[in-house]
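Below is protein33.pdb, which holds PDB, C-alpha atoms.
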```
ATOM      1  CA  MET M  14      -5.171  -0.754  -0.590
ATOM      2  CA  ALA M  15      -8.157   1.142   0.724
ATOM      3  CA  VAL M  16      -7.882   4.383   2.704
ATOM      4  CA  THR M  17     -10.393   5.717   5.225
ATOM      5  CA  ILE M  18     -11.413   9.165   6.407
ATOM      6  CA  SER M  19     -13.406   8.847   9.604
ATOM      7  CA  THR M  20     -14.875  10.988  12.348
ATOM      8  CA  SER M  21     -15.795   8.263  14.838
ATOM      9  CA  SER M  22     -15.706   4.477  15.119
ATOM     10  CA  SER M  23     -19.357   4.233  14.051
ATOM     11  CA  PRO M  24     -19.681   2.600  10.590
ATOM     12  CA  GLU M  25     -21.693   5.627   9.366
ATOM     13  CA  ASP M  26     -18.790   7.886  10.234
ATOM     14  CA  VAL M  27     -16.182   5.889   8.326
ATOM     15  CA  TRP M  28     -15.672   6.705   4.639
ATOM     16  CA  MET M  29     -13.490   4.410   2.590
ATOM     17  CA  ALA M  30     -12.057   4.531  -0.937
ATOM     18  CA  GLN M  31      -9.782   2.423  -3.090
ATOM     19  CA  ASN M  32      -6.197   3.651  -2.978
ATOM     20  CA  ALA M  33      -6.252   4.826  -6.596
ATOM     21  CA  VAL M  34      -9.315   6.956  -5.874
ATOM     22  CA  PHE M  35      -7.850   8.308  -2.644
ATOM     23  CA  SER M  36      -4.525   9.031  -4.364
ATOM     24  CA  THR M  37      -6.240  11.181  -6.979
ATOM     25  CA  PHE M  38      -8.224  12.933  -4.263
ATOM     26  CA  ALA M  39      -5.091  13.391  -2.124
ATOM     27  CA  SER M  40      -3.267  14.892  -5.071
ATOM     28  CA  LEU M  41      -6.075  17.409  -5.595
ATOM     29  CA  VAL M  42      -6.043  18.321  -1.898
ATOM     30  CA  THR M  43      -2.270  18.706  -1.615
ATOM     31  CA  THR M  44      -2.112  20.778  -4.795
ATOM     32  CA  ARG M  45      -4.907  23.103  -3.735
ATOM     33  CA  PHE M  46      -3.647  23.454  -0.152
ATOM     34  CA  SER M  47       0.062  23.279  -0.933
ATOM     35  CA  ASP M  48       0.749  26.302   1.270
ATOM     36  CA  ASP M  49      -0.460  24.428   4.353
ATOM     37  CA  GLU M  50       2.425  22.096   5.170
ATOM     38  CA  GLU M  51       0.616  20.396   8.047
ATOM     39  CA  VAL M  52      -2.412  19.581   5.917
ATOM     40  CA  VAL M  53      -0.168  18.234   3.147
ATOM     41  CA  SER M  54       1.741  16.159   5.688
ATOM     42  CA  GLN M  55      -1.452  14.715   7.185
ATOM     43  CA  VAL M  56      -2.803  13.782   3.746
ATOM     44  CA  GLU M  57       0.438  11.981   2.864
ATOM     45  CA  LEU M  58       0.415  10.251   6.242
ATOM     46  CA  ALA M  59      -3.202   9.171   5.710
ATOM     47  CA  GLU M  60      -2.245   7.435   2.473
ATOM     48  CA  ALA M  61       0.708   5.685   4.125
ATOM     49  CA  MET M  62      -1.243   4.573   7.204
ATOM     50  CA  ASN M  63      -4.396   3.517   5.295
ATOM     51  CA  GLY M  64      -6.456   6.343   6.730
ATOM     52  CA  VAL M  65      -6.941   9.291   9.017
ATOM     53  CA  SER M  66      -9.305   9.584  11.986
ATOM     54  CA  LEU M  67     -10.251  13.238  12.276
ATOM     55  CA  ASP M  68     -11.704  12.764  15.771
ATOM     56  CA  VAL M  69      -8.439  11.269  17.018
ATOM     57  CA  LEU M  70      -6.407  13.953  15.285
ATOM     58  CA  TYR M  71      -8.691  16.603  16.819
ATOM     59  CA  GLU M  72      -7.798  15.390  20.310
ATOM     60  CA  ASP M  73      -4.116  15.693  19.438
ATOM     61  CA  ASP M  74      -4.168  18.910  17.390
ATOM     62  CA  SER M  75      -7.582  20.509  16.947
ATOM     63  CA  GLU M  76      -6.306  23.277  14.634
ATOM     64  CA  VAL M  77      -4.819  20.867  12.127
ATOM     65  CA  ALA M  78      -7.868  18.579  12.305
ATOM     66  CA  ILE M  79     -10.203  21.464  11.476
ATOM     67  CA  ARG M  80      -8.008  22.670   8.611
ATOM     68  CA  LEU M  81      -7.749  19.134   7.253
ATOM     69  CA  ARG M  82     -11.500  18.689   7.464
ATOM     70  CA  ARG M  83     -12.030  21.940   5.536
ATOM     71  CA  ALA M  84      -9.495  20.920   2.890
ATOM     72  CA  PHE M  85     -11.154  17.514   2.426
ATOM     73  CA  GLN M  86     -14.585  19.121   2.342
ATOM     74  CA  THR M  87     -13.633  21.742  -0.253
ATOM     75  CA  VAL M  88     -12.183  19.251  -2.692
ATOM     76  CA  ALA M  89     -14.837  16.578  -2.016
ATOM     77  CA  LYS M  90     -17.565  19.073  -2.945
ATOM     78  CA  ASP M  91     -15.797  19.788  -6.230
ATOM     79  CA  VAL M  92     -15.524  16.087  -7.052
ATOM     80  CA  GLU M  93     -19.140  15.543  -6.049
ATOM     81  CA  GLN M  94     -20.067  18.184  -8.630
ATOM     82  CA  GLY M  95     -17.890  16.510 -11.262
ATOM     83  CA  LYS M  96     -15.096  19.085 -11.177
ATOM     84  CA  ASN M  97     -11.318  18.659 -11.253
ATOM     85  CA  TRP M  98     -11.146  14.853 -11.327
ATOM     86  CA  SER M  99      -7.813  14.201 -12.998
ATOM     87  CA  SER M 100      -8.890  11.110 -14.948
ATOM     88  CA  GLY M 101     -11.557  13.083 -16.764
ATOM     89  CA  GLU M 102     -15.081  13.643 -15.637
ATOM     90  CA  ALA M 103     -15.858  11.847 -12.407
ATOM     91  CA  ASN M 104     -18.314   9.027 -13.013
ATOM     92  CA  SER M 105     -21.488   8.636 -11.026
ATOM     93  CA  GLU M 106     -19.942   6.108  -8.606
ATOM     94  CA  ILE M 107     -17.115   8.503  -7.800
ATOM     95  CA  GLN M 108     -19.483  11.451  -7.426
ATOM     96  CA  SER M 109     -21.728   9.410  -5.137
ATOM     97  CA  LEU M 110     -18.729   8.282  -3.066
ATOM     98  CA  PHE M 111     -17.608  11.872  -2.530
ATOM     99  CA  ALA M 112     -21.148  13.020  -1.810
ATOM    100  CA  ASN M 113     -21.013  10.582   1.116
ATOM    101  CA  LEU M 114     -17.708  12.066   2.247
ATOM    102  CA  THR M 115     -19.129  15.584   2.097
ATOM    103  CA  LYS M 116     -22.073  14.573   4.271
ATOM    104  CA  LEU M 117     -19.794  12.828   6.759
ATOM    105  CA  LEU M 118     -17.541  15.896   7.024
ATOM    106  CA  GLU M 119     -20.516  18.218   7.454
ATOM    107  CA  ARG M 120     -21.595  16.187  10.467
ATOM    108  CA  PHE M 121     -18.140  16.531  12.006
ATOM    109  CA  ASP M 122     -18.036  19.952  13.575
ATOM    110  CA  PRO M 123     -16.610  19.597  17.066
ATOM    111  CA  GLU M 124     -16.095  23.367  17.395
ATOM    112  CA  GLU M 125     -19.809  24.073  17.211
ATOM    113  CA  LYS M 126     -21.529  20.884  18.256
ATOM    114  CA  GLY M 127     -18.983  19.430  20.621
ATOM    115  CA  THR M 128     -19.682  15.995  19.138
ATOM    116  CA  THR M 129     -18.161  13.810  16.496
ATOM    117  CA  THR M 130     -20.772  11.127  16.212
ATOM    118  CA  THR M 131     -23.742  10.582  13.972
ATOM    119  CA  PRO M 132     -27.069  12.133  15.071
TER     120      PRO M 132
ATOM    121  CA  MET B  16      20.392 -32.309 -29.420
ATOM    122  CA  GLU B  17      21.320 -33.505 -25.925
ATOM    123  CA  ARG B  18      24.834 -32.110 -26.356
ATOM    124  CA  VAL B  19      23.436 -28.739 -27.347
ATOM    125  CA  LYS B  20      21.157 -28.734 -24.292
ATOM    126  CA  SER B  21      24.083 -29.671 -22.043
ATOM    127  CA  LEU B  22      26.233 -26.930 -23.508
ATOM    128  CA  ARG B  23      23.461 -24.364 -23.048
ATOM    129  CA  LEU B  24      23.000 -25.501 -19.434
ATOM    130  CA  PHE B  25      26.746 -25.253 -18.789
ATOM    131  CA  LEU B  26      26.862 -21.755 -20.272
ATOM    132  CA  ALA B  27      23.846 -20.685 -18.200
ATOM    133  CA  VAL B  28      25.501 -21.899 -14.992
ATOM    134  CA  LEU B  29      28.799 -20.252 -15.966
ATOM    135  CA  PHE B  30      27.007 -17.013 -16.829
ATOM    136  CA  SER B  31      25.241 -16.997 -13.456
ATOM    137  CA  PHE B  32      28.517 -17.657 -11.639
ATOM    138  CA  LEU B  33      30.278 -14.829 -13.471
ATOM    139  CA  ALA B  34      27.368 -12.507 -12.737
ATOM    140  CA  VAL B  35      27.660 -13.192  -9.026
ATOM    141  CA  VAL B  36      31.439 -12.863  -8.969
ATOM    142  CA  GLY B  37      31.409  -9.813 -11.237
ATOM    143  CA  SER B  38      28.915  -8.010  -9.068
ATOM    144  CA  GLY B  39      31.180  -8.275  -6.048
ATOM    145  CA  SER B  40      28.470  -9.541  -3.707
ATOM    146  CA  VAL B  41      27.014 -12.976  -3.178
ATOM    147  CA  ALA B  42      23.737 -11.332  -2.227
ATOM    148  CA  TYR B  43      22.993 -10.682  -5.911
ATOM    149  CA  GLY B  44      22.810 -14.384  -6.577
ATOM    150  CA  ASP B  45      19.452 -14.657  -4.845
ATOM    151  CA  LEU B  46      17.784 -11.533  -6.090
ATOM    152  CA  LEU B  47      15.811 -12.867  -9.011
ATOM    153  CA  ALA B  48      15.040 -16.188  -7.433
ATOM    154  CA  PRO B  49      11.356 -16.713  -6.682
ATOM    155  CA  LYS B  50      11.874 -16.977  -2.958
ATOM    156  CA  ARG B  51      12.049 -14.651  -0.053
ATOM    157  CA  VAL B  52      15.540 -13.714   1.069
ATOM    158  CA  LYS B  53      16.665 -11.802   4.084
ATOM    159  CA  THR B  54      15.872  -8.115   3.872
ATOM    160  CA  PHE B  55      19.276  -6.992   5.071
ATOM    161  CA  GLU B  56      20.976  -8.943   2.292
ATOM    162  CA  LEU B  57      18.760  -7.314  -0.303
ATOM    163  CA  GLU B  58      19.330  -3.873   1.121
ATOM    164  CA  THR B  59      23.054  -4.463   1.078
ATOM    165  CA  GLY B  60      22.800  -5.663  -2.508
ATOM    166  CA  LEU B  61      20.785  -2.660  -3.617
ATOM    167  CA  LYS B  62      23.037  -0.149  -1.924
ATOM    168  CA  GLU B  63      26.071  -1.868  -3.414
ATOM    169  CA  ALA B  64      24.545  -1.844  -6.905
ATOM    170  CA  VAL B  65      23.692   1.829  -6.611
ATOM    171  CA  ARG B  66      27.198   2.592  -5.304
ATOM    172  CA  LEU B  67      28.823   0.713  -8.179
ATOM    173  CA  ASN B  68      26.713   2.355 -10.825
ATOM    174  CA  PRO B  69      24.520   5.217  -9.667
ATOM    175  CA  ALA B  70      23.333   5.895 -13.219
ATOM    176  CA  ALA B  71      22.172   2.333 -13.847
ATOM    177  CA  ASP B  72      19.294   1.961 -16.258
ATOM    178  CA  ILE B  73      16.634  -0.684 -15.967
ATOM    179  CA  LEU B  74      16.990  -3.278 -18.676
ATOM    180  CA  PHE B  75      13.904  -5.346 -17.922
ATOM    181  CA  THR B  76      10.531  -3.872 -17.159
ATOM    182  CA  LEU B  77       7.872  -5.674 -15.162
ATOM    183  CA  ASP B  78       6.184  -6.505 -18.478
ATOM    184  CA  ASP B  79       9.394  -8.136 -19.651
ATOM    185  CA  LEU B  80       9.519 -10.176 -16.487
ATOM    186  CA  ALA B  81       5.926 -11.259 -17.023
ATOM    187  CA  ASN B  82       6.808 -12.369 -20.545
ATOM    188  CA  LYS B  83       9.514 -14.554 -19.082
ATOM    189  CA  ASP B  84       6.943 -16.315 -16.893
ATOM    190  CA  ALA B  85       8.242 -14.510 -13.819
ATOM    191  CA  SER B  86       5.074 -13.129 -12.330
ATOM    192  CA  ILE B  87       5.035 -10.228  -9.907
ATOM    193  CA  TRP B  88       4.282 -12.832  -7.272
ATOM    194  CA  ASP B  89       7.700 -14.319  -7.849
ATOM    195  CA  VAL B  90       9.627 -11.076  -7.753
ATOM    196  CA  PRO B  91      11.115 -10.328  -4.350
ATOM    197  CA  THR B  92      10.395  -6.924  -2.890
ATOM    198  CA  VAL B  93      13.196  -4.936  -1.336
ATOM    199  CA  PHE B  94      12.688  -2.198   1.223
ATOM    200  CA  VAL B  95      15.172   0.607   1.582
ATOM    201  CA  ALA B  96      14.206   3.181   4.173
ATOM    202  CA  GLY B  97      10.660   1.931   3.826
ATOM    203  CA  VAL B  98      10.511   2.389   0.056
ATOM    204  CA  PRO B  99       9.652  -0.802  -1.843
ATOM    205  CA  TYR B 100      11.758  -1.823  -4.809
ATOM    206  CA  ILE B 101      11.174  -4.708  -7.178
ATOM    207  CA  SER B 102      14.124  -6.389  -8.815
ATOM    208  CA  GLY B 103      14.238  -5.234 -12.380
ATOM    209  CA  GLY B 104      16.656  -7.540 -14.164
ATOM    210  CA  VAL B 105      20.204  -7.365 -15.351
ATOM    211  CA  TYR B 106      22.243  -4.308 -16.236
ATOM    212  CA  LYS B 107      25.360  -4.642 -18.355
ATOM    213  CA  SER B 108      28.195  -2.251 -17.680
ATOM    214  CA  GLY B 109      31.423  -3.017 -19.516
ATOM    215  CA  THR B 110      32.344  -6.541 -18.585
ATOM    216  CA  LYS B 111      30.423  -6.391 -15.328
ATOM    217  CA  ILE B 112      26.877  -7.560 -14.997
ATOM    218  CA  LEU B 113      24.868  -5.977 -12.235
ATOM    219  CA  ARG B 114      21.384  -6.729 -11.143
ATOM    220  CA  THR B 115      19.446  -3.629 -10.416
ATOM    221  CA  TRP B 116      16.037  -2.605  -9.195
ATOM    222  CA  LYS B 117      13.218  -0.247  -9.940
ATOM    223  CA  LYS B 118      11.016   1.525  -7.477
ATOM    224  CA  ALA B 119       7.919  -0.606  -7.156
ATOM    225  CA  PRO B 120       4.838   1.059  -8.637
ATOM    226  CA  LYS B 121       1.989   1.163  -6.137
ATOM    227  CA  ALA B 122      -0.122  -0.878  -8.534
ATOM    228  CA  ALA B 123       2.512  -3.625  -8.582
ATOM    229  CA  VAL B 124       2.593  -3.767  -4.781
ATOM    230  CA  GLU B 125      -1.206  -4.025  -4.743
ATOM    231  CA  ALA B 126      -1.216  -6.700  -7.443
ATOM    232  CA  ALA B 127       1.301  -8.791  -5.516
ATOM    233  CA  SER B 128      -0.780  -8.403  -2.381
ATOM    234  CA  ARG B 129      -3.950  -9.450  -4.185
ATOM    235  CA  ALA B 130      -2.165 -12.543  -5.542
ATOM    236  CA  ARG B 131      -1.145 -13.487  -1.999
ATOM    237  CA  ALA B 132      -4.713 -12.924  -0.761
ATOM    238  CA  GLN B 133      -6.143 -15.112  -3.521
ATOM    239  CA  LYS B 134      -3.692 -17.871  -2.692
ATOM    240  CA  TYR B 135      -4.488 -17.587   1.024
ATOM    241  CA  LEU B 136      -8.241 -17.670   0.443
ATOM    242  CA  GLY B 137      -8.273 -20.081  -2.475
ATOM    243  CA  ARG B 138     -10.708 -17.717  -4.184
ATOM    244  CA  ASN B 139     -10.626 -15.432  -7.182
ATOM    245  CA  LEU B 140     -10.830 -11.776  -6.193
ATOM    246  CA  LYS B 141     -12.150  -9.345  -8.801
ATOM    247  CA  ASP B 142     -11.885  -5.566  -8.829
ATOM    248  CA  SER B 143     -14.787  -4.013  -6.983
ATOM    249  CA  VAL B 144     -17.066  -1.849  -9.114
ATOM    250  CA  ASP B 145     -17.846   0.117  -5.961
ATOM    251  CA  PRO B 146     -14.862   2.485  -5.521
ATOM    252  CA  ALA B 147     -15.172   2.116  -1.750
ATOM    253  CA  PHE B 148     -13.818  -1.449  -1.796
ATOM    254  CA  ASP B 149     -10.797  -3.142  -3.321
ATOM    255  CA  TYR B 150     -12.125  -6.566  -4.314
ATOM    256  CA  VAL B 151     -15.202  -8.738  -4.495
ATOM    257  CA  ASP B 152     -15.140 -12.545  -4.341
ATOM    258  CA  ASP B 153     -17.332 -15.002  -6.231
ATOM    259  CA  LEU B 154     -19.919 -14.841  -3.426
ATOM    260  CA  GLY B 155     -20.204 -11.060  -3.727
ATOM    261  CA  ARG B 156     -18.390 -10.408  -0.453
ATOM    262  CA  THR B 157     -16.346  -7.192  -0.263
ATOM    263  CA  TYR B 158     -12.692  -6.903   0.714
ATOM    264  CA  ASP B 159     -10.361  -4.047   1.463
ATOM    265  CA  GLN B 160      -6.634  -4.249   1.832
ATOM    266  CA  MET B 161      -4.235  -2.718   4.354
ATOM    267  CA  GLY B 162      -0.452  -2.728   4.647
ATOM    268  CA  ASN B 163       1.080   0.058   2.601
ATOM    269  CA  PRO B 164       4.893  -0.306   2.703
ATOM    270  CA  ALA B 165       5.051   3.493   2.866
ATOM    271  CA  MET B 166       4.027   3.221   6.519
ATOM    272  CA  ILE B 167       7.253   1.482   7.552
ATOM    273  CA  PRO B 168       9.304   4.652   8.208
ATOM    274  CA  HIS B 169       6.376   6.144  10.175
ATOM    275  CA  TRP B 170       5.766   3.062  12.286
ATOM    276  CA  ALA B 171       7.417   4.095  15.553
ATOM    277  CA  LYS B 172       5.393   7.304  15.838
ATOM    278  CA  GLN B 173       2.207   6.260  14.032
ATOM    279  CA  LYS B 174       1.529   2.685  15.103
ATOM    280  CA  GLN B 175      -1.523   3.739  17.134
ATOM    281  CA  GLN B 176      -2.933   5.411  14.038
ATOM    282  CA  PHE B 177      -2.533   2.157  12.115
ATOM    283  CA  PHE B 178      -4.225   0.175  14.896
ATOM    284  CA  ASN B 179      -7.035   2.727  14.859
ATOM    285  CA  GLN B 180      -7.347   2.314  11.103
ATOM    286  CA  ILE B 181      -7.646  -1.456  11.494
ATOM    287  CA  ASP B 182     -10.659  -0.872  13.760
ATOM    288  CA  ARG B 183     -12.244   1.505  11.284
ATOM    289  CA  HIS B 184     -11.559  -0.560   8.165
ATOM    290  CA  LEU B 185     -13.262  -3.484   9.900
ATOM    291  CA  GLN B 186     -16.454  -1.415  10.089
ATOM    292  CA  LYS B 187     -16.772  -1.246   6.296
ATOM    293  CA  ALA B 188     -15.904  -4.239   4.101
ATOM    294  CA  ASP B 189     -16.923  -7.827   4.813
ATOM    295  CA  PHE B 190     -13.235  -8.738   5.141
ATOM    296  CA  THR B 191     -10.029  -6.755   5.601
ATOM    297  CA  VAL B 192      -6.814  -8.162   4.176
ATOM    298  CA  ILE B 193      -3.809  -7.032   6.212
ATOM    299  CA  ASP B 194      -0.746  -7.928   4.173
ATOM    300  CA  LEU B 195       2.559  -7.351   5.950
ATOM    301  CA  SER B 196       4.673  -9.621   3.739
ATOM    302  CA  ASN B 197       8.301  -8.482   3.753
ATOM    303  CA  PHE B 198       7.626  -5.938   6.500
ATOM    304  CA  PRO B 199      10.102  -5.714   9.399
ATOM    305  CA  LYS B 200       9.438  -8.421  11.982
ATOM    306  CA  ASN B 201       8.772  -5.968  14.811
ATOM    307  CA  ILE B 202       5.850  -4.498  12.831
ATOM    308  CA  GLN B 203       4.495  -7.945  11.972
ATOM    309  CA  ASP B 204       4.687  -8.971  15.641
ATOM    310  CA  GLU B 205       3.051  -5.814  16.988
ATOM    311  CA  VAL B 206       0.188  -5.978  14.469
ATOM    312  CA  ALA B 207      -0.296  -9.689  15.219
ATOM    313  CA  GLU B 208      -0.482  -8.897  18.930
ATOM    314  CA  TYR B 209      -3.102  -6.220  18.245
ATOM    315  CA  VAL B 210      -5.205  -8.362  15.917
ATOM    316  CA  LEU B 211      -5.200 -11.280  18.368
ATOM    317  CA  LYS B 212      -6.797  -9.003  20.977
ATOM    318  CA  LEU B 213      -9.643  -7.876  18.711
ATOM    319  CA  PRO B 214     -13.188  -8.899  19.658
ATOM    320  CA  GLU B 215     -14.128 -12.195  18.021
ATOM    321  CA  ASN B 216     -16.604 -10.652  15.549
ATOM    322  CA  LEU B 217     -13.895  -8.305  14.239
ATOM    323  CA  PHE B 218     -11.069 -10.828  14.461
ATOM    324  CA  ASP B 219     -13.029 -13.142  12.146
ATOM    325  CA  LYS B 220     -13.057 -10.427   9.459
ATOM    326  CA  VAL B 221      -9.265 -10.104   9.321
ATOM    327  CA  ILE B 222      -7.343 -11.945   6.596
ATOM    328  CA  PRO B 223      -3.761 -11.896   7.956
ATOM    329  CA  ILE B 224      -0.984 -12.349   5.417
ATOM    330  CA  GLY B 225       2.729 -12.349   6.138
ATOM    331  CA  PHE B 226       2.426 -12.342   9.902
TER     332      PHE B 226
END
```
Written form, structure tokens:
Amino acid sequence: MAVTISTSSSPEDVWMAQNAVFSTFASLVTTRFSDDEEVVSQVELAEAMNGVSLDVLYEDDSEVAIRLRRAFQTVAKDVEQGKNWSSGEANSEIQSLFANLTKLLERFDPEEKGTTTTP
Amino acid sequence: MERVKSLRLFLAVLFSFLAVVGSGSVAYGDLLAPKRVKTFELETGLKEAVRLNPAADILFTLDDLANKDASIWDVPTVFVAGVPYISGGVYKSGTKILRTWKKAPKAAVEAASRARAQKYLGRNLKDSVDPAFDYVDDLGRTYDQMGNPAMIPHWAKQKQQFFNQIDRHLQKADFTVIDLSNFPKNIQDEVAEYVLKLPENLFDKVIPIGF
């Protein structure tokens, strides 16, 4: 049951992970940002609906989309560096997967660039 | 020997009859059968079982069921307020025998879905080494799977998000399995309507199951 995090419909802007991987990631995000109810709610919804499209969410609620992006980015960077992965040290495949997510989220900055697509 | 077999068969039938009568609901009679039964009957049965014995323990685990040659594939899934339950066996309480259920572990839901996908495709699907994808077939083609039962209570407000996710999942793996087995019919129909309108190149990547 794969889950996506995406910033446009372009294949380069769609990140996907197995549900077990996303669940661990989601748990890290919701624990770290437990004081942000809307972020927690969006993460839970993403797992239920098989993904979240940050660009679509941005059109609906830009504040929440930006906070969610920052939450994903913060935790993804930690995982990329091998930190905090609950099942022990993240292996190279997991670190590489989250490195891709970090890059994707860095490209998504509609506040500054006014765009959500790949360069 | 034949007489012993006949006696055992008679006792098994009698036991099943008493279980159904003792439970107070004919719906229980179907719960462990390897066939799909109507969702509303199962929900009624579950609610009734919980009402009769809210502290019911689970006697059989999924491993026990597997040991009895009842694979996860054969175990009917029940949805109550969108939460999947798998029938867990028989609970004895005094002279009454109740069937009861356990909340389906996510892994069990995924395993059942994979079994359905394998049957549909006639291919063996192995775990993907790449954590981005769910399965790989014997030709090295990648698959991902959609249809989390947890989406059912969100459907009315979030259906567009699910449709959007279908589009985006189709950008990644070679094939996307959308398994809506045991989902409410309105969801199955609306997803079918959406998938049928996909462009041909994307439509060909969808493996529809249960709708």
Evaluate the ChimeraX specification (/B :<9) & /M and report residues as a PDB file with C-alpha atoms, in the coordinates of the input:
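Saved as result21.pdb:
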```pdb
ATOM      1  CA  MET M  14      -5.171  -0.754  -0.590  1.00  0.00           C
ATOM      2  CA  ALA M  15      -8.157   1.142   0.724  1.00  0.00           C
ATOM      3  CA  VAL M  16      -7.882   4.383   2.704  1.00  0.00           C
ATOM      4  CA  THR M  17     -10.393   5.717   5.225  1.00  0.00           C
ATOM      5  CA  SER M  19     -13.406   8.847   9.604  1.00  0.00           C
ATOM      6  CA  SER M  21     -15.795   8.263  14.838  1.00  0.00           C
ATOM      7  CA  SER M  22     -15.706   4.477  15.119  1.00  0.00           C
ATOM      8  CA  SER M  23     -19.357   4.233  14.051  1.00  0.00           C
ATOM      9  CA  PRO M  24     -19.681   2.600  10.590  1.00  0.00           C
ATOM     10  CA  GLU M  25     -21.693   5.627   9.366  1.00  0.00           C
ATOM     11  CA  VAL M  27     -16.182   5.889   8.326  1.00  0.00           C
ATOM     12  CA  TRP M  28     -15.672   6.705   4.639  1.00  0.00           C
ATOM     13  CA  MET M  29     -13.490   4.410   2.590  1.00  0.00           C
ATOM     14  CA  ALA M  30     -12.057   4.531  -0.937  1.00  0.00           C
ATOM     15  CA  GLN M  31      -9.782   2.423  -3.090  1.00  0.00           C
ATOM     16  CA  ASN M  32      -6.197   3.651  -2.978  1.00  0.00           C
ATOM     17  CA  ALA M  33      -6.252   4.826  -6.596  1.00  0.00           C
ATOM     18  CA  VAL M  34      -9.315   6.956  -5.874  1.00  0.00           C
ATOM     19  CA  LEU M  58       0.415  10.251   6.242  1.00  0.00           C
ATOM     20  CA  GLU M  60      -2.245   7.435   2.473  1.00  0.00           C
ATOM     21  CA  ALA M  61       0.708   5.685   4.125  1.00  0.00           C
ATOM     22  CA  MET M  62      -1.243   4.573   7.204  1.00  0.00           C
ATOM     23  CA  ASN M  63      -4.396   3.517   5.295  1.00  0.00           C
ATOM     24  CA  GLY M  64      -6.456   6.343   6.730  1.00  0.00           C
ATOM     25  CA  VAL M  65      -6.941   9.291   9.017  1.00  0.00           C
ATOM     26  CA  SER M  66      -9.305   9.584  11.986  1.00  0.00           C
ATOM     27  CA  VAL M  69      -8.439  11.269  17.018  1.00  0.00           C
ATOM     28  CA  GLU M 106     -19.942   6.108  -8.606  1.00  0.00           C
ATOM     29  CA  ILE M 107     -17.115   8.503  -7.800  1.00  0.00           C
ATOM     30  CA  LEU M 110     -18.729   8.282  -3.066  1.00  0.00           C
TER      31      LEU M 110
END
```
Two-atom distance - atom CA of M:Asp91, atom CA of M:Phe111 (Å):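 If I compute the distance from atom CA of M:Asp91 to atom CA of M:Phe111, I get 8.9 Å.
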For a test of reading the model, state the distance in Å between atom CA of B:Ala207 and atom CA of B:Lys141, rounded to one decimal. 26.8 Å
Provide the atom CA of B:Asn216 to atom CA of B:Asn201 distance in Å, to one decimal place.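 For atom CA of B:Asn216 relative to atom CA of B:Asn201, the distance reads 25.8 Å.
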Selection under test: the PyMOL selection byres ((chain M and resi 84-86) around 10); residues as a PyMOL selection string: chain M and resi 18+38-39+41-43+45-46+49+52-53+56+78-83+87-92+111-112+114-119
Kindly compute an axis-aligned box around the listed atoms of stretch 19-32 of chain M, allowing 8 Å on each side, and express its centre and edge lengths in Å to one decimal as AutoDock Vina command-line options.
```
--center_x -13.9 --center_y 6.7 --center_z 6.0 --size_x 31.5 --size_y 24.6 --size_z 34.2
```
